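Data file: input_6.cif. Format and content: mmCIF, C-alpha atoms.
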```cif
data_final
loop_
_atom_site.group_PDB
_atom_site.id
_atom_site.type_symbol
_atom_site.label_atom_id
_atom_site.label_comp_id
_atom_site.auth_asym_id
_atom_site.auth_seq_id
_atom_site.Cartn_x
_atom_site.Cartn_y
_atom_site.Cartn_z
ATOM 1 C CA MET U 1 0.298 -18.112 -18.863
ATOM 2 C CA PHE U 2 -0.680 -17.755 -15.203
ATOM 3 C CA MET U 3 -4.299 -18.756 -14.624
ATOM 4 C CA VAL U 4 -6.176 -16.836 -11.934
ATOM 5 C CA SER U 5 -9.717 -17.887 -12.812
ATOM 6 C CA LYS U 6 -10.191 -19.633 -9.469
ATOM 7 C CA MET U 7 -8.527 -16.916 -7.400
ATOM 8 C CA ASP U 8 -9.592 -13.591 -5.961
ATOM 9 C CA CYS U 9 -7.572 -10.403 -6.239
ATOM 10 C CA ILE U 10 -7.747 -8.213 -3.126
ATOM 11 C CA LEU U 11 -6.785 -4.550 -3.497
ATOM 12 C CA LEU U 12 -5.939 -2.741 -0.250
ATOM 13 C CA HIS U 13 -5.957 1.064 -0.196
ATOM 14 C CA GLY U 14 -3.559 3.266 1.754
ATOM 15 C CA TRP U 15 -3.808 6.004 4.372
ATOM 16 C CA GLY U 16 -5.812 9.115 3.569
ATOM 17 C CA VAL U 17 -7.802 7.670 0.677
ATOM 18 C CA THR U 18 -10.742 5.318 0.278
ATOM 19 C CA ASN U 19 -11.053 2.150 -1.784
ATOM 20 C CA LYS U 20 -12.268 4.383 -4.621
ATOM 21 C CA ILE U 21 -8.567 4.897 -5.400
ATOM 22 C CA TRP U 22 -8.589 1.498 -7.168
ATOM 23 C CA GLU U 23 -11.512 2.165 -9.534
ATOM 24 C CA GLU U 24 -9.529 2.629 -12.738
ATOM 25 C CA PHE U 25 -6.764 0.132 -12.016
ATOM 26 C CA ALA U 26 -9.258 -2.589 -11.061
ATOM 27 C CA THR U 27 -10.755 -2.455 -14.554
ATOM 28 C CA LYS U 28 -7.422 -3.608 -15.993
ATOM 29 C CA LEU U 29 -7.364 -6.770 -13.905
ATOM 30 C CA ASP U 30 -9.000 -9.681 -15.657
ATOM 31 C CA GLY U 31 -9.236 -13.429 -15.314
ATOM 32 C CA TYR U 32 -9.773 -13.466 -11.546
ATOM 33 C CA ASP U 33 -12.839 -15.022 -9.986
ATOM 34 C CA SER U 34 -13.467 -11.767 -8.105
ATOM 35 C CA ILE U 35 -11.805 -8.364 -7.732
ATOM 36 C CA LEU U 36 -12.274 -7.193 -4.140
ATOM 37 C CA THR U 37 -11.631 -3.636 -2.925
ATOM 38 C CA PRO U 38 -12.602 -3.634 0.764
ATOM 39 C CA CYS U 39 -12.973 -0.336 2.585
ATOM 40 C CA LEU U 40 -10.566 -0.699 5.488
ATOM 41 C CA TYR U 41 -12.276 2.103 7.405
ATOM 42 C CA ASN U 42 -15.536 0.150 7.437
ATOM 43 C CA ILE U 43 -13.726 -2.728 9.122
ATOM 44 C CA ALA U 44 -12.434 -0.491 11.913
ATOM 45 C CA ARG U 45 -15.478 1.758 12.216
ATOM 46 C CA HIS U 46 -17.601 -0.506 14.417
ATOM 47 C CA SER U 47 -14.874 -1.498 16.833
ATOM 48 C CA SER U 48 -13.116 0.274 19.672
ATOM 49 C CA ASP U 49 -9.896 -1.201 18.235
ATOM 50 C CA LYS U 50 -8.978 0.835 15.150
ATOM 51 C CA GLY U 51 -5.491 -0.629 14.752
ATOM 52 C CA LEU U 52 -3.906 -2.351 11.779
ATOM 53 C CA SER U 53 -3.758 -5.726 13.541
ATOM 54 C CA PHE U 54 -7.501 -5.676 14.173
ATOM 55 C CA VAL U 55 -8.163 -4.744 10.548
ATOM 56 C CA ALA U 56 -5.919 -7.600 9.349
ATOM 57 C CA SER U 57 -7.551 -10.095 11.706
ATOM 58 C CA THR U 58 -11.068 -9.145 10.611
ATOM 59 C CA LEU U 59 -10.113 -9.072 6.936
ATOM 60 C CA SER U 60 -8.480 -12.515 7.140
ATOM 61 C CA LYS U 61 -11.816 -14.067 8.128
ATOM 62 C CA THR U 62 -13.385 -12.864 4.879
ATOM 63 C CA ILE U 63 -10.772 -14.531 2.644
ATOM 64 C CA LYS U 64 -12.392 -17.796 1.585
ATOM 65 C CA LYS U 65 -10.276 -18.845 -1.398
ATOM 66 C CA ASP U 66 -6.738 -18.528 -2.754
ATOM 67 C CA SER U 67 -6.024 -14.848 -3.319
ATOM 68 C CA ILE U 68 -3.481 -12.422 -4.684
ATOM 69 C CA VAL U 69 -3.127 -9.301 -2.510
ATOM 70 C CA ILE U 70 -2.109 -5.956 -3.997
ATOM 71 C CA ALA U 71 -1.318 -3.573 -1.149
ATOM 72 C CA TRP U 72 -0.548 0.110 -1.583
ATOM 73 C CA SER U 73 1.419 2.163 0.935
ATOM 74 C CA ILE U 74 0.453 1.572 4.595
ATOM 75 C CA SER U 75 -1.813 -1.362 3.707
ATOM 76 C CA GLY U 76 1.326 -3.415 3.105
ATOM 77 C CA LEU U 77 1.590 -3.585 6.900
ATOM 78 C CA ILE U 78 -1.844 -5.196 6.910
ATOM 79 C CA ALA U 79 -0.876 -7.579 4.101
ATOM 80 C CA LEU U 80 2.186 -8.746 6.053
ATOM 81 C CA ARG U 81 -0.016 -9.541 9.030
ATOM 82 C CA LEU U 82 -2.383 -11.542 6.827
ATOM 83 C CA ILE U 83 0.358 -14.081 6.088
ATOM 84 C CA SER U 84 0.241 -15.442 9.623
ATOM 85 C CA LEU U 85 -3.563 -15.311 9.779
ATOM 86 C CA THR U 86 -4.572 -17.222 6.658
ATOM 87 C CA THR U 87 -3.080 -19.774 4.278
ATOM 88 C CA LYS U 88 -5.101 -18.404 1.367
ATOM 89 C CA ILE U 89 -2.621 -15.683 0.318
ATOM 90 C CA ARG U 90 -0.690 -16.977 -2.692
ATOM 91 C CA ALA U 91 1.337 -13.821 -3.377
ATOM 92 C CA ILE U 92 1.590 -10.177 -2.331
ATOM 93 C CA ILE U 93 2.368 -7.198 -4.544
ATOM 94 C CA PHE U 94 3.569 -4.287 -2.412
ATOM 95 C CA ILE U 95 3.205 -0.908 -4.144
ATOM 96 C CA ALA U 96 5.278 1.848 -2.489
ATOM 97 C CA SER U 97 5.023 -0.177 0.693
ATOM 98 C CA PRO U 98 8.052 -1.056 2.844
ATOM 99 C CA PRO U 99 7.764 -3.193 6.013
ATOM 100 C CA CYS U 100 8.770 -0.183 8.126
ATOM 101 C CA PHE U 101 7.766 3.374 7.182
ATOM 102 C CA ILE U 102 10.023 5.345 9.527
ATOM 103 C CA ASN U 103 13.755 5.969 9.152
ATOM 104 C CA LYS U 104 15.783 4.158 11.804
ATOM 105 C CA GLU U 105 19.404 3.282 12.351
ATOM 106 C CA GLY U 106 20.376 1.148 9.373
ATOM 107 C CA TRP U 107 17.001 1.711 7.720
ATOM 108 C CA PHE U 108 16.720 4.766 5.497
ATOM 109 C CA ASN U 109 14.820 6.014 2.428
ATOM 110 C CA THR U 110 11.501 6.058 4.236
ATOM 111 C CA ILE U 111 9.860 8.858 6.279
ATOM 112 C CA GLN U 112 11.774 10.913 8.823
ATOM 113 C CA LYS U 113 10.200 10.681 12.265
ATOM 114 C CA ASN U 114 9.973 14.456 12.664
ATOM 115 C CA LYS U 115 8.048 14.655 9.373
ATOM 116 C CA LEU U 116 5.544 12.119 10.655
ATOM 117 C CA VAL U 117 5.134 14.059 13.902
ATOM 118 C CA GLU U 118 4.564 17.199 11.854
ATOM 119 C CA LEU U 119 1.927 15.404 9.769
ATOM 120 C CA LYS U 120 0.175 14.090 12.908
ATOM 121 C CA ASN U 121 0.031 17.565 14.456
ATOM 122 C CA ARG U 122 -1.174 19.074 11.221
ATOM 123 C CA PHE U 123 -3.854 16.394 10.894
ATOM 124 C CA SER U 124 -5.155 16.993 14.418
ATOM 125 C CA ARG U 125 -5.569 20.712 13.660
ATOM 126 C CA ASN U 126 -7.134 20.512 10.212
ATOM 127 C CA THR U 127 -8.179 17.191 8.700
ATOM 128 C CA LYS U 128 -9.238 18.391 5.262
ATOM 129 C CA GLU U 129 -6.196 20.598 4.708
ATOM 130 C CA THR U 130 -3.844 17.785 5.743
ATOM 131 C CA LEU U 131 -5.498 15.273 3.416
ATOM 132 C CA LEU U 132 -5.105 17.741 0.548
ATOM 133 C CA HIS U 133 -1.453 18.185 1.530
ATOM 134 C CA PHE U 134 -1.021 14.413 1.553
ATOM 135 C CA SER U 135 -2.564 14.207 -1.906
ATOM 136 C CA GLY U 136 0.159 16.564 -3.100
ATOM 137 C CA LEU U 137 2.829 14.353 -1.547
ATOM 138 C CA VAL U 138 1.425 11.317 -3.371
ATOM 139 C CA ALA U 139 1.564 13.203 -6.675
ATOM 140 C CA ALA U 140 4.994 14.770 -6.115
ATOM 141 C CA GLY U 141 7.690 13.477 -8.440
ATOM 142 C CA ASP U 142 5.231 12.411 -11.086
ATOM 143 C CA LYS U 143 5.606 13.548 -14.672
ATOM 144 C CA PHE U 144 2.113 15.099 -14.475
ATOM 145 C CA PRO U 145 1.687 15.942 -10.774
ATOM 146 C CA SER U 146 -1.403 18.157 -11.170
ATOM 147 C CA LYS U 147 -3.275 15.383 -12.976
ATOM 148 C CA ILE U 148 -2.334 12.785 -10.362
ATOM 149 C CA ASN U 149 -3.132 15.165 -7.494
ATOM 150 C CA LYS U 150 -6.611 15.716 -8.907
ATOM 151 C CA ARG U 151 -7.176 11.967 -9.243
ATOM 152 C CA VAL U 152 -6.065 11.284 -5.668
ATOM 153 C CA GLN U 153 -8.258 14.094 -4.329
ATOM 154 C CA GLN U 154 -11.290 12.381 -5.852
ATOM 155 C CA SER U 155 -10.651 9.434 -3.530
ATOM 156 C CA LEU U 156 -9.700 11.231 -0.325
ATOM 157 C CA ALA U 157 -11.101 10.162 3.029
ATOM 158 C CA ASN U 158 -13.103 12.651 5.097
ATOM 159 C CA ASP U 159 -13.836 13.737 8.662
ATOM 160 C CA THR U 160 -15.862 10.601 9.390
ATOM 161 C CA GLN U 161 -12.641 8.572 9.160
ATOM 162 C CA LYS U 162 -10.585 10.999 11.268
ATOM 163 C CA GLU U 163 -10.313 8.784 14.366
ATOM 164 C CA ILE U 164 -9.134 5.793 12.315
ATOM 165 C CA LEU U 165 -6.692 7.842 10.259
ATOM 166 C CA SER U 166 -5.252 9.406 13.409
ATOM 167 C CA CYS U 167 -4.824 5.955 14.971
ATOM 168 C CA TRP U 168 -2.956 4.668 11.935
ATOM 169 C CA LEU U 169 -0.636 7.674 11.874
ATOM 170 C CA LYS U 170 0.290 6.990 15.492
ATOM 171 C CA GLU U 171 0.671 3.282 14.858
ATOM 172 C CA ILE U 172 3.062 3.443 11.927
ATOM 173 C CA GLU U 173 5.533 5.410 14.029
ATOM 174 C CA GLY U 174 6.353 2.239 15.958
ATOM 175 C CA ASP U 175 5.207 -0.424 13.513
ATOM 176 C CA ASP U 176 8.139 -2.463 12.238
ATOM 177 C CA GLN U 177 7.290 -5.547 10.178
ATOM 178 C CA ARG U 178 10.800 -6.175 8.870
ATOM 179 C CA SER U 179 11.134 -9.502 10.668
ATOM 180 C CA GLN U 180 7.881 -10.704 9.109
ATOM 181 C CA PHE U 181 9.019 -9.511 5.689
ATOM 182 C CA MET U 182 12.344 -11.272 6.147
ATOM 183 C CA LYS U 183 10.647 -14.594 7.012
ATOM 184 C CA MET U 184 8.046 -14.353 4.251
ATOM 185 C CA LYS U 185 7.996 -17.466 2.073
ATOM 186 C CA ILE U 186 5.244 -16.657 -0.409
ATOM 187 C CA PRO U 187 6.194 -14.827 -3.633
ATOM 188 C CA SER U 188 6.337 -11.066 -3.252
ATOM 189 C CA ASN U 189 6.796 -8.224 -5.697
ATOM 190 C CA ILE U 190 7.735 -4.691 -4.636
ATOM 191 C CA ILE U 191 6.787 -1.944 -7.094
ATOM 192 C CA LEU U 192 8.280 1.475 -6.390
ATOM 193 C CA GLY U 193 7.908 4.885 -8.017
ATOM 194 C CA GLN U 194 11.223 6.280 -9.240
ATOM 195 C CA ASN U 195 10.579 9.785 -7.851
ATOM 196 C CA ASP U 196 8.474 8.947 -4.782
ATOM 197 C CA VAL U 197 9.097 11.591 -2.086
ATOM 198 C CA LEU U 198 7.610 9.449 0.697
ATOM 199 C CA ILE U 199 9.232 6.064 0.058
ATOM 200 C CA LYS U 200 12.432 6.554 -1.902
ATOM 201 C CA SER U 201 13.111 4.062 -4.675
ATOM 202 C CA LYS U 202 16.527 3.340 -3.137
ATOM 203 C CA ILE U 203 14.663 1.311 -0.500
ATOM 204 C CA GLN U 204 14.798 -1.419 -3.150
ATOM 205 C CA TYR U 205 18.267 -2.488 -2.013
ATOM 206 C CA GLN U 206 17.332 -2.633 1.651
ATOM 207 C CA MET U 207 14.229 -4.699 0.946
ATOM 208 C CA GLU U 208 16.094 -7.107 -1.309
ATOM 209 C CA GLU U 209 18.739 -7.497 1.383
ATOM 210 C CA LEU U 210 16.053 -8.333 3.951
ATOM 211 C CA ASN U 211 14.449 -10.911 1.688
ATOM 212 C CA PRO U 212 16.493 -11.964 -1.353
ATOM 213 C CA ASN U 213 13.438 -13.781 -2.728
ATOM 214 C CA ALA U 214 11.500 -10.528 -3.010
ATOM 215 C CA TYR U 215 11.281 -9.271 -6.583
ATOM 216 C CA CYS U 216 11.615 -5.498 -6.889
ATOM 217 C CA THR U 217 10.808 -3.263 -9.861
ATOM 218 C CA ILE U 218 10.828 0.511 -10.286
ATOM 219 C CA VAL U 219 8.393 2.490 -12.423
ATOM 220 C CA ASP U 220 10.100 5.520 -13.910
ATOM 221 C CA ASN U 221 8.848 9.112 -13.922
ATOM 222 C CA CYS U 222 6.230 8.667 -11.229
ATOM 223 C CA GLY U 223 5.726 9.224 -7.515
ATOM 224 C CA HIS U 224 3.963 7.344 -4.725
ATOM 225 C CA ALA U 225 1.132 5.931 -6.858
ATOM 226 C CA PRO U 226 2.444 4.204 -10.005
ATOM 227 C CA PHE U 227 -0.833 2.305 -10.400
ATOM 228 C CA ILE U 228 -2.522 5.674 -10.980
ATOM 229 C CA SER U 229 0.081 7.447 -13.105
ATOM 230 C CA LYS U 230 1.150 4.379 -15.102
ATOM 231 C CA PRO U 231 -1.621 1.816 -14.693
ATOM 232 C CA LEU U 232 -0.816 -0.263 -17.778
ATOM 233 C CA GLN U 233 2.873 -0.542 -16.926
ATOM 234 C CA THR U 234 2.014 -1.432 -13.336
ATOM 235 C CA TYR U 235 -0.498 -4.035 -14.499
ATOM 236 C CA ASN U 236 2.078 -5.579 -16.837
ATOM 237 C CA LEU U 237 4.607 -5.771 -14.003
ATOM 238 C CA VAL U 238 2.057 -7.533 -11.812
ATOM 239 C CA GLN U 239 1.133 -10.040 -14.501
ATOM 240 C CA ARG U 240 4.735 -10.739 -15.452
ATOM 241 C CA PHE U 241 5.577 -11.388 -11.823
ATOM 242 C CA LEU U 242 2.632 -13.753 -11.364
ATOM 243 C CA ASN U 243 3.461 -15.602 -14.579
ATOM 244 C CA ASP U 244 7.044 -16.100 -13.414
ATOM 245 C CA LYS U 245 6.562 -16.826 -9.727
ATOM 246 C CA ILE U 246 3.235 -18.588 -9.175
#
```

Can you dump the structure from the file as C-alpha cells?
Amino acid sequence: MFMVSKMDCILLHGWGVTNKIWEEFATKLDGYDSILTPCLYNIARHSSDKGLSFVASTLSKTIKKDSIVIAWSISGLIALRLISLTTKIRAIIFIASPPCFINKEGWFNTIQKNKLVELKNRFSRNTKETLLHFSGLVAAGDKFPSKINKRVQQSLANDTQKEILSCWLKEIEGDDQRSQFMKMKIPSNIILGQNDVLIKSKIQYQMEELNPNAYCTIVDNCGHAPFISKPLQTYNLVQRFLNDKI
C-alpha cells in the first residue's frame, strides 16, 4: 500500500472557479501529511504579472516537502511548469487537463480557437453570464448535468477575479506545454471524462503518444469534472495509480 503520511497533496483548481471546488473531494483524501487547496487568484492578485508562469513560480516556493499534485483543467499548465521549478513533486494527476488546450495541426480533441475567441469576447462583455455559461459546459455530458451545474456554480469566481481570468483566457490561446509533457519523467496519471465537451476523451491517444509513460484512464458517463460527478471512482483511480507507480 502506498504510504503518503510524509507527503502533501496539492489540489489546483481550474479557470472560472475557486479552490472551493475541491471541498467535497478533499474529504476523501486521507493519509497525507497535509491537503492543500491554494487559491491561485490570491497568488496573482498582488502582482502586475497575472500569468500562469508567475503563479507557478510563486507556488513552487511554498512547496516544502514531497508532494502529489492533482491539477484540474487549466491548472495542469501550472503543474507542468512546477516540474522545472521544484524537485518536490513526486507525481502529477491531470484531470481533464491536456498540455495544450487549443486545436492545432496534428493536435485535436481540445478547444477550437474560434470557440475560445468567442468565450473571451463574451467574458469581456458580461463576466457573470459567461461564468454561468462555463459552468454549463463543465456539467455537459454528465449523467446528471443539472446537479453538477449547481455544484460548480457554488464555486464560481466573481468580478474581483476578472482581470486574472481574462489574462488566463488570453494566455491559453498560445500556451503549448507539449514538449514539457513529452520530457516529463515523474509518474503522471491523466483522468478524462468520457463525455467531456471541452477536452474530448479521445485526447487519451494523443497524450499517450506524446509520453508513453503517462497512464491514462477514462471515467464513464461524466463531463469535464469527474472528481465532482464521480468522486469515489476518481479517488480510487488516483490511489491505484499511486500504489502502482510511486

Check what the PyMOL selection byres ((chain U and resi 234-245) around 10) selects in the file above and give those residues as a ChimeraX atom specification. /U:1-4,25-26,28-29,68,70,90-93,95,186-192,215-219,225-233,246

Check what the PyMOL selection byres ((chain U and resi 99) around 7) selects in the file above and give those residues as a PyMOL selection string. chain U and resi 77+97-98+100-101+176-178+181

Export of the given selection (C-alpha atoms) as an mmCIF file, in the coordinates of the input:
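Written out: part30.cif:
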```
data_model
loop_
_atom_site.group_PDB
_atom_site.id
_atom_site.type_symbol
_atom_site.label_atom_id
_atom_site.label_comp_id
_atom_site.auth_asym_id
_atom_site.auth_seq_id
_atom_site.Cartn_x
_atom_site.Cartn_y
_atom_site.Cartn_z
ATOM 1 C CA LEU U 77 1.590 -3.585 6.900
ATOM 2 C CA SER U 97 5.023 -0.177 0.693
ATOM 3 C CA PRO U 98 8.052 -1.056 2.844
ATOM 4 C CA CYS U 100 8.770 -0.183 8.126
ATOM 5 C CA PHE U 101 7.766 3.374 7.182
ATOM 6 C CA ASP U 176 8.139 -2.463 12.238
ATOM 7 C CA GLN U 177 7.290 -5.547 10.178
ATOM 8 C CA ARG U 178 10.800 -6.175 8.870
ATOM 9 C CA PHE U 181 9.019 -9.511 5.689
#
```

Stretch 123-135 of chain U surroundings by all atoms listed in the file, 9 Å radius, close-in-sequence under 3 positions cut, as an NGL selection string: :U and (16-17 or 118-120 or 138-140 or 148-153 or 156-159 or 162 or 166)

Identify which of the residues U:Leu169, U:Leu12, U:Val197, U:Leu52 lies closest to U:Leu116, counting all atoms listed in the file when measuring atom-to-atom distances.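 Once distances to U:Leu116 are computed over all atoms listed in the file, the minimum belongs to U:Leu169.
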
For U:Lys65, which of U:Trp15, U:Ile199, U:Gly223, U:Asp8 is the closest residue, counting all atoms listed in the file?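 Using all atoms listed in the file, the shortest distance to U:Lys65 belongs to U:Asp8.
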
For a quick check of your reading of the model, name the residues lying within 12 Å of the coordinate (-10.2, -9.0, 5.0), counting only C-alpha atoms, and write them as a PyMOL selection string. chain U and resi 8-12+36-44+52-65+67+69+75+78-79+81-83+85-86+88-89

How would the residues just chosen look if you wrote them out with C-alpha atoms as a JSON list (two decimals), keeping the file's coordinate frame?
```
[["chain", "number", "residue", "atom", "x", "y", "z"],
["U", 8, "ASP", "CA", -9.59, -13.59, -5.96],
["U", 9, "CYS", "CA", -7.57, -10.40, -6.24],
["U", 10, "ILE", "CA", -7.75, -8.21, -3.13],
["U", 11, "LEU", "CA", -6.78, -4.55, -3.50],
["U", 12, "LEU", "CA", -5.94, -2.74, -0.25],
["U", 36, "LEU", "CA", -12.27, -7.19, -4.14],
["U", 37, "THR", "CA", -11.63, -3.64, -2.92],
["U", 38, "PRO", "CA", -12.60, -3.63, 0.76],
["U", 39, "CYS", "CA", -12.97, -0.34, 2.58],
["U", 40, "LEU", "CA", -10.57, -0.70, 5.49],
["U", 41, "TYR", "CA", -12.28, 2.10, 7.40],
["U", 42, "ASN", "CA", -15.54, 0.15, 7.44],
["U", 43, "ILE", "CA", -13.73, -2.73, 9.12],
["U", 44, "ALA", "CA", -12.43, -0.49, 11.91],
["U", 52, "LEU", "CA", -3.91, -2.35, 11.78],
["U", 53, "SER", "CA", -3.76, -5.73, 13.54],
["U", 54, "PHE", "CA", -7.50, -5.68, 14.17],
["U", 55, "VAL", "CA", -8.16, -4.74, 10.55],
["U", 56, "ALA", "CA", -5.92, -7.60, 9.35],
["U", 57, "SER", "CA", -7.55, -10.10, 11.71],
["U", 58, "THR", "CA", -11.07, -9.14, 10.61],
["U", 59, "LEU", "CA", -10.11, -9.07, 6.94],
["U", 60, "SER", "CA", -8.48, -12.52, 7.14],
["U", 61, "LYS", "CA", -11.82, -14.07, 8.13],
["U", 62, "THR", "CA", -13.38, -12.86, 4.88],
["U", 63, "ILE", "CA", -10.77, -14.53, 2.64],
["U", 64, "LYS", "CA", -12.39, -17.80, 1.58],
["U", 65, "LYS", "CA", -10.28, -18.84, -1.40],
["U", 67, "SER", "CA", -6.02, -14.85, -3.32],
["U", 69, "VAL", "CA", -3.13, -9.30, -2.51],
["U", 75, "SER", "CA", -1.81, -1.36, 3.71],
["U", 78, "ILE", "CA", -1.84, -5.20, 6.91],
["U", 79, "ALA", "CA", -0.88, -7.58, 4.10],
["U", 81, "ARG", "CA", -0.02, -9.54, 9.03],
["U", 82, "LEU", "CA", -2.38, -11.54, 6.83],
["U", 83, "ILE", "CA", 0.36, -14.08, 6.09],
["U", 85, "LEU", "CA", -3.56, -15.31, 9.78],
["U", 86, "THR", "CA", -4.57, -17.22, 6.66],
["U", 88, "LYS", "CA", -5.10, -18.40, 1.37],
["U", 89, "ILE", "CA", -2.62, -15.68, 0.32]]
```

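We find atom CA of U:Gln206 and atom CA of U:Gly106 to be spaced 9.1 Å apart.
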
Tell me, in Å to one decimal, how far atom CA of U:Lys185 is from atom CA of U:Asn213.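 It comes out at 8.1 Å.
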
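Nearest residue to U:Lys104, choosing from U:Lys147, U:Gly141, U:Arg122, U:Gly174 and counting all atoms listed in the file: U:Gly174.
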
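Each of U:Asn221, U:Arg45, U:Ile74, U:Phe94 was checked against U:Trp168 using all atoms listed in the file; the smallest atom-to-atom distance is that of U:Ile74.
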
Could you write out as an NGL selection string the residues that the PyMOL selection byres ((chain U and resi 111) around 6) matches in the shown file? :U and (101-103 or 110 or 112)

Using only C-alpha atoms, pick whichever of U:Ala96, U:Cys222, U:Asn121, U:Gly51 has the shortest atom-to-atom distance to U:Asn109.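 The closest residue to U:Asn109 is U:Ala96.
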
What is the atom CA of U:Ser73-atom CA of U:Gly136 distance in Å, reported with one decimal?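 Straight-line distance from atom CA of U:Ser73 to atom CA of U:Gly136 works out to 15.0 Å.
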
So that all listed atoms of stretch 176-179 of chain U fit with 6 Å spare on each side, what axis-aligned box centre and edge lengths in Å, to one decimal, would you give as AutoDock Vina command-line options?
```
--center_x 9.2 --center_y -6.0 --center_z 10.6 --size_x 15.8 --size_y 19.0 --size_z 15.4
```
